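Engineer: input-v9.txt is the file, holding compact mmCIF, C-alpha atoms and all ligand atoms:
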```txt
# COMPACT_ATOMS: atom_id res chain seq x y z
CA MET U 1097 113.81 172.57 339.07
CA THR U 1098 111.90 172.09 335.86
CA THR U 1099 108.89 169.85 336.47
CA HIS U 1100 106.76 167.71 334.19
CA THR U 1101 104.05 170.41 334.43
CA ASP U 1102 106.54 172.98 333.11
CA TYR U 1103 107.28 170.75 330.12
CA GLN U 1104 103.56 170.28 329.58
CA GLN U 1105 103.00 174.04 329.65
CA ALA U 1106 105.89 174.63 327.26
CA ALA U 1107 104.50 171.97 324.90
CA ASP U 1108 101.08 173.66 325.05
CA ARG U 1109 102.72 176.96 324.06
CA VAL U 1110 104.50 175.34 321.15
CA ARG U 1111 101.29 173.66 320.03
CA ALA U 1112 99.35 176.94 320.10
CA ALA U 1113 102.06 179.02 318.40
CA GLN U 1114 101.58 180.16 314.81
CA ARG U 1115 105.00 181.66 314.18
CA ILE U 1116 108.03 180.26 315.99
CA ALA U 1117 111.52 181.78 316.09
CA VAL U 1118 114.35 179.82 317.68
CA LEU U 1119 117.57 181.52 318.75
CA THR U 1120 120.42 179.08 319.29
CA GLY U 1121 123.91 179.45 320.67
CA ALA U 1122 126.91 177.28 321.42
CA GLY U 1123 125.03 175.32 324.10
CA VAL U 1124 122.91 173.53 321.49
CA SER U 1125 126.07 171.99 320.00
CA LYS U 1126 127.76 171.18 323.30
CA GLU U 1127 126.29 167.68 323.43
CA SER U 1128 127.88 167.13 319.99
CA GLY U 1129 131.26 167.63 321.63
CA ILE U 1130 131.86 171.22 320.46
CA PRO U 1131 133.03 173.46 323.31
CA THR U 1132 131.02 176.58 324.14
CA PHE U 1133 132.73 179.96 324.50
CA ARG U 1134 132.03 181.00 328.05
CA ASP U 1135 131.48 177.86 330.12
CA ALA U 1136 133.99 177.94 332.99
CA LEU U 1137 137.10 175.80 332.30
CA THR U 1138 135.91 174.13 329.08
CA GLY U 1139 134.72 177.26 327.21
CA LEU U 1140 137.00 178.47 324.40
CA TRP U 1141 137.16 182.00 325.77
CA ALA U 1142 138.07 180.59 329.20
CA GLN U 1143 141.22 179.20 327.59
CA TYR U 1144 142.01 181.63 324.76
CA ASP U 1145 141.87 185.40 324.48
CA PRO U 1146 139.27 186.41 321.88
CA THR U 1147 140.93 189.80 321.34
CA ALA U 1148 144.10 188.01 320.19
CA LEU U 1149 142.26 185.51 317.99
CA ALA U 1150 138.89 186.72 316.77
CA THR U 1151 139.22 190.33 315.63
CA PRO U 1152 140.32 191.95 312.34
CA LEU U 1153 143.20 193.59 314.24
CA ALA U 1154 144.40 190.23 315.57
CA PHE U 1155 144.41 188.85 312.01
CA ALA U 1156 146.29 191.90 310.69
CA ARG U 1157 148.87 191.48 313.46
CA ASP U 1158 149.38 187.76 313.22
CA PRO U 1159 147.48 186.03 310.39
CA LYS U 1160 149.15 182.68 311.03
CA LEU U 1161 148.16 182.60 314.70
CA VAL U 1162 144.54 183.36 313.83
CA TRP U 1163 144.47 180.94 310.87
CA ASP U 1164 145.94 178.18 313.05
CA PHE U 1165 143.37 178.86 315.77
CA TYR U 1166 140.56 178.36 313.25
CA GLU U 1167 142.21 175.21 311.87
CA PHE U 1168 142.36 173.94 315.45
CA ARG U 1169 138.65 174.69 315.91
CA ARG U 1170 137.84 172.97 312.60
CA ASP U 1171 139.73 169.90 313.80
CA LEU U 1172 137.70 169.96 317.02
CA MET U 1173 134.44 170.18 315.07
CA ARG U 1174 135.25 167.64 312.35
CA PRO U 1175 133.96 164.54 314.21
CA ALA U 1176 130.84 166.33 315.53
CA GLN U 1177 127.43 164.99 314.56
CA PRO U 1178 124.03 166.61 315.13
CA ASN U 1179 122.72 165.70 318.59
CA ALA U 1180 119.21 165.02 319.89
CA ALA U 1181 118.52 168.77 320.17
CA HIS U 1182 119.37 169.48 316.51
CA HIS U 1183 117.25 166.50 315.43
CA ALA U 1184 114.30 167.54 317.60
CA LEU U 1185 114.39 171.08 316.13
CA ALA U 1186 114.43 169.69 312.59
CA GLU U 1187 111.43 167.50 313.43
CA LEU U 1188 109.61 170.40 315.06
CA GLU U 1189 109.96 172.38 311.83
CA GLN U 1190 108.07 169.59 310.08
CA LEU U 1191 105.20 169.93 312.58
CA LYS U 1192 105.05 173.73 312.66
CA PRO U 1193 104.93 175.42 309.25
CA ASN U 1194 106.16 178.89 310.20
CA PHE U 1195 109.38 178.00 311.97
CA HIS U 1196 112.78 179.67 311.70
CA ILE U 1197 116.08 179.03 313.45
CA ILE U 1198 118.39 181.99 314.02
CA THR U 1199 121.78 180.63 314.99
CA GLN U 1200 124.94 182.22 316.31
CA ASN U 1201 126.79 178.97 315.71
CA VAL U 1202 129.34 178.64 312.93
CA ASP U 1203 129.02 174.84 312.71
CA ASP U 1204 126.54 173.30 310.26
CA LEU U 1205 124.78 170.91 312.61
CA HIS U 1206 121.29 172.42 312.26
CA GLU U 1207 121.42 171.97 308.49
CA ARG U 1208 122.90 168.48 308.79
CA ALA U 1209 120.04 167.49 311.10
CA GLY U 1210 117.63 168.56 308.36
CA SER U 1211 116.53 172.04 309.43
CA GLN U 1212 115.48 174.02 306.36
CA SER U 1213 115.11 177.59 307.55
CA VAL U 1214 118.37 178.54 309.26
CA ILE U 1215 119.51 182.16 309.51
CA ARG U 1216 123.25 182.29 310.25
CA LEU U 1217 124.29 185.40 312.10
CA HIS U 1218 127.98 184.67 312.56
CA GLY U 1219 128.97 182.95 309.32
CA ARG U 1220 130.26 179.45 308.67
CA ILE U 1221 133.55 178.09 309.95
CA GLY U 1222 133.71 175.59 307.10
CA ALA U 1223 134.05 178.38 304.51
CA ASN U 1224 136.85 180.86 303.75
CA LYS U 1225 136.93 184.19 302.00
CA CYS U 1226 139.37 186.79 300.72
CA SER U 1227 140.18 189.14 303.61
CA ARG U 1228 139.64 192.07 301.23
CA ASN U 1229 136.51 190.57 299.65
CA CYS U 1230 138.05 191.75 296.40
CA GLN U 1231 135.36 190.23 294.17
CA GLY U 1232 132.35 191.25 296.31
CA ASN U 1233 131.11 190.42 299.77
CA PRO U 1234 131.85 187.62 300.51
CA THR U 1235 134.53 186.50 298.04
CA LEU U 1236 134.49 182.80 298.95
CA ILE U 1237 137.67 180.86 298.31
CA ASP U 1238 138.04 177.09 298.15
CA VAL U 1239 141.40 176.60 299.89
CA ALA U 1240 141.48 172.91 298.97
CA ARG U 1241 142.36 174.08 295.44
CA LEU U 1242 145.28 176.22 296.61
CA THR U 1243 148.82 175.32 297.58
CA TYR U 1244 150.09 177.22 300.59
CA GLU U 1245 152.37 176.83 303.56
CA ASP U 1246 151.08 179.01 306.40
CA VAL U 1247 148.06 181.08 305.43
CA PRO U 1248 146.46 180.74 301.98
CA ARG U 1249 146.33 183.77 299.71
CA CYS U 1250 143.49 185.00 297.55
CA PRO U 1251 144.01 183.81 293.95
CA TYR U 1252 142.54 187.11 292.66
CA CYS U 1253 144.35 189.77 294.70
CA ASP U 1254 146.94 187.92 296.83
CA ALA U 1255 145.48 189.15 300.15
CA PHE U 1256 145.35 186.60 302.95
CA VAL U 1257 142.39 184.24 303.04
CA ARG U 1258 140.43 184.12 306.31
CA PRO U 1259 137.53 182.11 307.75
CA ASP U 1260 134.06 183.26 306.69
CA VAL U 1261 132.99 184.05 310.25
CA VAL U 1262 132.07 187.28 312.00
CA TRP U 1263 134.77 188.59 314.32
CA PHE U 1264 134.39 190.96 317.25
CA GLY U 1265 134.09 194.50 315.94
CA GLU U 1266 132.67 193.40 312.57
CA ASN U 1267 129.17 193.86 311.22
CA LEU U 1268 126.91 190.88 310.84
CA PRO U 1269 125.85 189.96 307.29
CA ALA U 1270 123.09 192.50 306.56
CA ASP U 1271 120.67 190.02 305.01
CA ALA U 1272 121.00 187.67 308.00
CA ILE U 1273 120.44 190.27 310.69
CA ASP U 1274 117.54 191.82 308.74
CA ALA U 1275 115.92 188.40 308.44
CA ALA U 1276 116.55 187.72 312.14
CA PHE U 1277 114.89 190.98 313.21
CA ASP U 1278 111.96 190.28 310.94
CA VAL U 1279 111.43 186.72 312.15
CA SER U 1280 111.81 187.79 315.81
CA GLN U 1281 109.29 190.60 315.49
CA ARG U 1282 106.72 188.41 313.79
CA ALA U 1283 107.09 185.48 316.18
CA ASP U 1284 104.43 184.68 318.74
CA LEU U 1285 106.81 182.22 320.41
CA MET U 1286 110.57 182.43 320.72
CA LEU U 1287 112.67 179.53 321.99
CA VAL U 1288 116.08 180.66 323.23
CA ILE U 1289 118.42 177.69 323.43
CA GLY U 1290 121.96 177.45 324.74
CA THR U 1291 123.14 181.04 324.59
CA SER U 1292 124.64 183.21 327.30
CA GLY U 1293 122.88 186.20 325.72
CA LEU U 1294 125.99 188.35 326.04
CA VAL U 1295 126.81 189.13 322.42
CA THR U 1296 124.71 191.70 320.60
CA PRO U 1297 122.85 192.07 318.30
CA ALA U 1298 121.83 188.40 318.70
CA ALA U 1299 121.33 188.93 322.43
CA ASP U 1300 118.76 191.66 321.72
CA LEU U 1301 116.48 189.40 319.70
CA PRO U 1302 114.55 187.80 322.59
CA ALA U 1303 113.68 191.25 324.03
CA ARG U 1304 112.64 192.40 320.57
CA ALA U 1305 110.40 189.34 320.17
CA LYS U 1306 108.91 189.89 323.60
CA ARG U 1307 108.18 193.57 322.90
CA SER U 1308 106.30 192.45 319.81
CA GLY U 1309 104.16 190.14 321.94
CA ALA U 1310 106.00 186.82 321.77
CA HIS U 1311 106.12 184.35 324.63
CA VAL U 1312 109.79 183.54 325.37
CA ILE U 1313 110.87 180.07 326.54
CA GLU U 1314 114.52 179.56 327.42
CA ILE U 1315 116.26 176.18 327.46
CA ASN U 1316 119.60 176.33 329.24
CA PRO U 1317 120.92 174.35 332.22
CA HIS U 1318 122.32 177.59 333.65
CA GLU U 1319 120.89 181.04 334.17
CA SER U 1320 121.81 183.44 331.37
CA ALA U 1321 121.41 187.12 330.55
CA ILE U 1322 118.09 186.18 328.89
CA THR U 1323 116.57 184.31 331.85
CA SER U 1324 115.17 187.42 333.57
CA ILE U 1325 113.02 188.31 330.54
CA ALA U 1326 112.01 184.73 329.70
CA ASP U 1327 108.41 183.77 330.48
CA MET U 1328 109.55 180.23 331.13
CA TRP U 1329 112.96 178.71 331.81
CA ILE U 1330 113.58 175.02 331.26
CA ALA U 1331 116.76 174.39 333.25
CA ALA U 1332 118.04 171.35 331.38
CA PRO U 1333 120.47 170.47 328.57
CA ALA U 1334 118.95 171.02 325.13
CA GLY U 1335 119.52 167.40 324.09
CA GLU U 1336 117.31 166.31 326.95
CA ALA U 1337 114.69 169.07 326.98
CA LEU U 1338 113.86 169.32 323.26
CA PRO U 1339 113.17 165.60 322.63
CA ARG U 1340 111.00 165.62 325.77
CA LEU U 1341 109.02 168.60 324.47
CA LEU U 1342 108.67 166.97 321.08
CA ASP U 1343 107.38 163.73 322.63
CA LEU U 1344 104.71 165.66 324.53
CA LEU U 1345 103.68 167.46 321.35
CA LYS U 1346 103.45 164.25 319.37
CA ALA U 1347 101.58 162.48 322.18
CA ASP U 1348 98.45 164.63 321.62
P1 LIG U 1401 128.38 180.98 325.22
O1 LIG U 1401 129.54 180.10 325.43
O2 LIG U 1401 128.53 182.41 325.59
O3 LIG U 1401 127.12 180.42 326.01
C1 LIG U 1401 126.75 179.07 325.91
C2 LIG U 1401 125.50 178.86 326.72
O4 LIG U 1401 125.09 177.52 326.53
C3 LIG U 1401 125.66 179.07 328.22
O5 LIG U 1401 124.61 179.91 328.69
C4 LIG U 1401 125.53 177.67 328.81
O6 LIG U 1401 124.90 177.66 330.08
C5 LIG U 1401 124.64 177.01 327.78
N1 LIG U 1401 124.75 175.55 327.72
C6 LIG U 1401 125.79 174.75 328.04
N2 LIG U 1401 125.49 173.48 327.81
C7 LIG U 1401 124.24 173.43 327.32
C8 LIG U 1401 123.37 172.40 326.87
N3 LIG U 1401 123.73 171.13 326.87
N4 LIG U 1401 122.13 172.75 326.44
C9 LIG U 1401 121.74 174.04 326.42
N5 LIG U 1401 122.52 175.05 326.82
C10 LIG U 1401 123.75 174.76 327.27
O7 LIG U 1401 127.94 180.82 323.69
P2 LIG U 1401 127.04 181.80 322.81
O8 LIG U 1401 125.98 182.43 323.62
O9 LIG U 1401 126.64 181.03 321.61
O10 LIG U 1401 130.59 184.83 318.53
O11 LIG U 1401 128.10 182.89 322.39
C11 LIG U 1401 127.70 183.94 321.56
C12 LIG U 1401 128.81 184.33 320.65
O12 LIG U 1401 130.00 184.62 321.41
C13 LIG U 1401 129.28 183.23 319.71
O13 LIG U 1401 128.49 183.13 318.56
C14 LIG U 1401 130.67 183.66 319.36
C15 LIG U 1401 131.15 184.04 320.75
O14 LIG U 1401 132.21 184.93 320.78
C16 LIG U 1401 131.30 184.91 317.40
O15 LIG U 1401 132.07 184.03 317.07
C17 LIG U 1401 131.08 186.17 316.64
```
The structure in this file should be written as structure tokens.

Structural biologist:
Amino acid sequence: MTTHTDYQQAADRVRAAQRIAVLTGAGVSKESGIPTFRDALTGLWAQYDPTALATPLAFARDPKLVWDFYEFRRDLMRPAQPNAAHHALAELEQLKPNFHIITQNVDDLHERAGSQSVIRLHGRIGANKCSRNCQGNPTLIDVARLTYEDVPRCPYCDAFVRPDVVWFGENLPADAIDAAFDVSQRADLMLVIGTSGLVTPAADLPARAKRSGAHVIEINPHESAITSIADMWIAAPAGEALPRLLDLLKAD
């Protein structure tokens, strides 16, 4: 159980830190009503097969199935608003000058809460691109300007349009992963929030930060693949833990 003393110690670490990196995953958006991937029963990958829906091969085989899956996820996300965790992180950035969020999430809730420095490792579900990136990487396409029945086509080369997200088997955007490595290696404190720590290279970042001397604090109601290397584990939902930490910081 996470005690008040643990929160106090975590707040002391945050207060003393000069350079903070925050790695977030689906858990930080769960309290906004967006399902995670791997939670039993409610997680997306507990209900759908990622190899049939989130790989380049799946899209080549059945573009409509994949496109419809992403439209379904967009519909799920549409009503979502930033929750107390997103807001607390945005406020923390105001208090700590050298503060960067590295997110695996494809929603835009960190930005909508007001976070300024957000490194997106897995793209943005709200955007689309040409599946051939015919005009450069990425060739973003505004599908609202297109007429289409099943899957929109690129107005330049007629290839199918796809969501601007990273699929299994694809490389992460080079500038994002470079920035994430850099921020993780420079950090003296890393907060790891709401990720199972199962998908690399994001999952390697806490160990990288730790090797470079950072203190690692995890916030996750359940044990994850990161917990064993974390210096401190706050076993609570992010929307509860982060505002509590922030209150302690502001109290002094
Ligand atoms: P997962 O679904 O794998 O893990 C979500 C984590 O959030 C779990 O460890 C939960 O215990 C935790 N969690 C649940 N509720 C929480 C809450 N209220 N507060 C804090 N934590 C909570 O999601 P990710 O680790 O983000 O990749 O998944 C990583 C990647 O796998 C995703 O970015 C996605 C997926 O396939 C791509 O789309 C490329």

Engineer: Which residues sit within 7 Å of ligand LIG 1401 (chain U), counting all atoms listed in the file, listed as a VMD selection string?

Structural biologist: chain U and resid 1120 to 1124 1126 to 1127 1132 to 1135 1139 1200 to 1201 1218 1261 to 1264 1289 to 1295 1315 to 1320 1332 to 1335

Engineer: In the coordinates of the file, take the point (111.1, 168.2, 311.3) and a cut-off of 12 Å; then, counting only C-alpha atoms, name each qualifying protein, DNA or RNA residue as a ChimeraX atom specification.

Structural biologist: /U:1181-1196,1206-1207,1209-1213,1339,1342,1346

Engineer: Could you check the closest approach to Ala1298 in chain U for each of U:Arg1228, U:Arg1216, U:Lys1160, U:His1311 and tell me which residue wins, using only C-alpha atoms?

Structural biologist: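 Checking each of U:Arg1228, U:Arg1216, U:Lys1160, U:His1311 against Ala1298 in chain U, counting only C-alpha atoms, the winner is U:Arg1216.
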
Engineer: Using only C-alpha atoms, which of the listed residues (U:Asp1327, U:Asp1300, U:Asp1158, U:Asp1164) sits closest to Glu1314 in chain U?

Structural biologist: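 Smallest separation from Glu1314 in chain U among the options: U:Asp1327.
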
Engineer: When you count only C-alpha atoms, which of these residues is closest to Leu1338 in chain U: U:Thr1243, U:Ser1324, U:Asn1179, U:Asn1267?

Structural biologist: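 The closest residue to Leu1338 in chain U is U:Asn1179.
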
Engineer: Kindly list the centre and edge lengths in Å, rounded to one decimal, for the axis-aligned box that covers all listed atoms of range 1339-1345 of chain U plus 5 Å on each of its six sides, as lines of an AutoDock Vina configuration file.

Structural biologist:
```
center_x = 108.4
center_y = 166.2
center_z = 323.4
size_x = 19.5
size_y = 14.9
size_z = 14.7
```

Engineer: Quick one: pull the distance between CA of Ile1313 in chain U and CA of Trp1329 in chain U, Å, one decimal.

Structural biologist: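 Separating CA of Ile1313 in chain U from CA of Trp1329 in chain U is a distance of 5.8 Å.
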
Engineer: One number please: CA of Tyr1166 in chain U to CA of Val1288 in chain U, in Å, one decimal.

Structural biologist: 26.5 Å

Engineer: Please measure the separation of CA of Tyr1244 in chain U and CA of Val1257 in chain U, giving the value in Å to one decimal.

Structural biologist: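 Those two atoms sit 10.7 Å apart.
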
Engineer: Every residue with an atom at most 9 Å from (144.6, 193.0, 306.8) (file coordinates; only C-alpha atoms) is what I'm after, so could you write them as a short mmCIF file (atom, residue, chain, number, x, y, z; two decimals) with C-alpha atoms, in the frame of the given file?

Structural biologist:
```cif
data_model
loop_
_atom_site.label_atom_id
_atom_site.label_comp_id
_atom_site.auth_asym_id
_atom_site.auth_seq_id
_atom_site.Cartn_x
_atom_site.Cartn_y
_atom_site.Cartn_z
CA PRO U 1152 140.32 191.95 312.34
CA LEU U 1153 143.20 193.59 314.24
CA PHE U 1155 144.41 188.85 312.01
CA ALA U 1156 146.29 191.90 310.69
CA ARG U 1157 148.87 191.48 313.46
CA PRO U 1159 147.48 186.03 310.39
CA SER U 1227 140.18 189.14 303.61
CA ARG U 1228 139.64 192.07 301.23
CA ALA U 1255 145.48 189.15 300.15
CA PHE U 1256 145.35 186.60 302.95
#
```

Engineer: Given only C-alpha atoms as the basis, pick out the residue of U:Leu1236, U:Ala1148, U:Ala1321, U:Ile1197 nearest to Met1286 in chain U.

Structural biologist: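 Once distances to Met1286 in chain U are computed over only C-alpha atoms, the minimum belongs to U:Ile1197.
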
Engineer: Rebuild N, CA, C and O atoms on range 1117-1137 of chain U, as a short mmCIF file (atom, residue, chain, number, x, y, z; two decimals), in the coordinates of the input?

Structural biologist:
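Okay, out-v5.cif is ready:
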```cif
data_model
loop_
_atom_site.label_atom_id
_atom_site.label_comp_id
_atom_site.auth_asym_id
_atom_site.auth_seq_id
_atom_site.Cartn_x
_atom_site.Cartn_y
_atom_site.Cartn_z
N ALA U 1117 110.11 181.45 316.35
CA ALA U 1117 111.52 181.78 316.09
C ALA U 1117 112.34 181.07 317.16
O ALA U 1117 111.96 181.03 318.32
N VAL U 1118 113.47 180.52 316.75
CA VAL U 1118 114.35 179.82 317.68
C VAL U 1118 115.72 180.48 317.61
O VAL U 1118 116.30 180.57 316.52
N LEU U 1119 116.21 180.96 318.73
CA LEU U 1119 117.57 181.52 318.75
C LEU U 1119 118.48 180.50 319.41
O LEU U 1119 118.24 180.11 320.55
N THR U 1120 119.51 180.06 318.68
CA THR U 1120 120.42 179.08 319.29
C THR U 1120 121.83 179.66 319.44
O THR U 1120 122.25 180.54 318.71
N GLY U 1121 122.52 179.10 320.43
CA GLY U 1121 123.91 179.45 320.67
C GLY U 1121 124.73 178.19 320.89
O GLY U 1121 124.24 177.07 320.69
N ALA U 1122 125.95 178.38 321.33
CA ALA U 1122 126.91 177.28 321.42
C ALA U 1122 126.40 176.11 322.26
O ALA U 1122 126.79 174.96 322.02
N GLY U 1123 125.52 176.38 323.23
CA GLY U 1123 125.03 175.32 324.10
C GLY U 1123 124.30 174.22 323.36
O GLY U 1123 124.30 173.05 323.79
N VAL U 1124 123.68 174.55 322.22
CA VAL U 1124 122.91 173.53 321.49
C VAL U 1124 123.87 172.51 320.84
O VAL U 1124 123.48 171.37 320.58
N SER U 1125 125.11 172.91 320.62
CA SER U 1125 126.07 171.99 320.00
C SER U 1125 127.00 171.34 321.02
O SER U 1125 127.87 170.54 320.66
N LYS U 1126 126.83 171.70 322.29
CA LYS U 1126 127.76 171.18 323.30
C LYS U 1126 127.68 169.65 323.40
O LYS U 1126 128.69 168.97 323.54
N GLU U 1127 126.45 169.13 323.32
CA GLU U 1127 126.29 167.68 323.43
C GLU U 1127 126.77 166.95 322.16
O GLU U 1127 126.79 165.72 322.12
N SER U 1128 127.20 167.71 321.16
CA SER U 1128 127.88 167.13 319.99
C SER U 1128 129.38 167.13 320.19
O SER U 1128 130.13 166.76 319.28
N GLY U 1129 129.82 167.63 321.34
CA GLY U 1129 131.26 167.63 321.63
C GLY U 1129 131.98 168.91 321.23
O GLY U 1129 133.20 168.97 321.27
N ILE U 1130 131.22 169.95 320.84
CA ILE U 1130 131.86 171.22 320.46
C ILE U 1130 131.86 172.14 321.69
O ILE U 1130 130.78 172.38 322.26
N PRO U 1131 133.02 172.62 322.10
CA PRO U 1131 133.03 173.46 323.31
C PRO U 1131 132.27 174.76 323.12
O PRO U 1131 132.22 175.31 322.01
N THR U 1132 131.66 175.25 324.19
CA THR U 1132 131.02 176.58 324.14
C THR U 1132 132.13 177.62 324.26
O THR U 1132 133.31 177.29 324.28
N PHE U 1133 131.74 178.89 324.35
CA PHE U 1133 132.73 179.96 324.50
C PHE U 1133 132.97 180.32 325.95
O PHE U 1133 134.10 180.55 326.36
N ARG U 1134 131.88 180.39 326.73
CA ARG U 1134 132.03 181.00 328.05
C ARG U 1134 131.80 180.06 329.22
O ARG U 1134 131.80 180.52 330.36
N ASP U 1135 131.59 178.77 328.98
CA ASP U 1135 131.48 177.86 330.12
C ASP U 1135 132.81 177.89 330.87
O ASP U 1135 133.88 177.88 330.23
N ALA U 1136 132.76 177.91 332.19
CA ALA U 1136 133.99 177.94 332.99
C ALA U 1136 134.83 176.72 332.64
O ALA U 1136 134.30 175.63 332.41
N LEU U 1137 136.10 176.86 332.56
CA LEU U 1137 137.10 175.80 332.30
C LEU U 1137 137.08 175.28 330.86
O LEU U 1137 138.08 175.34 330.16
#
```
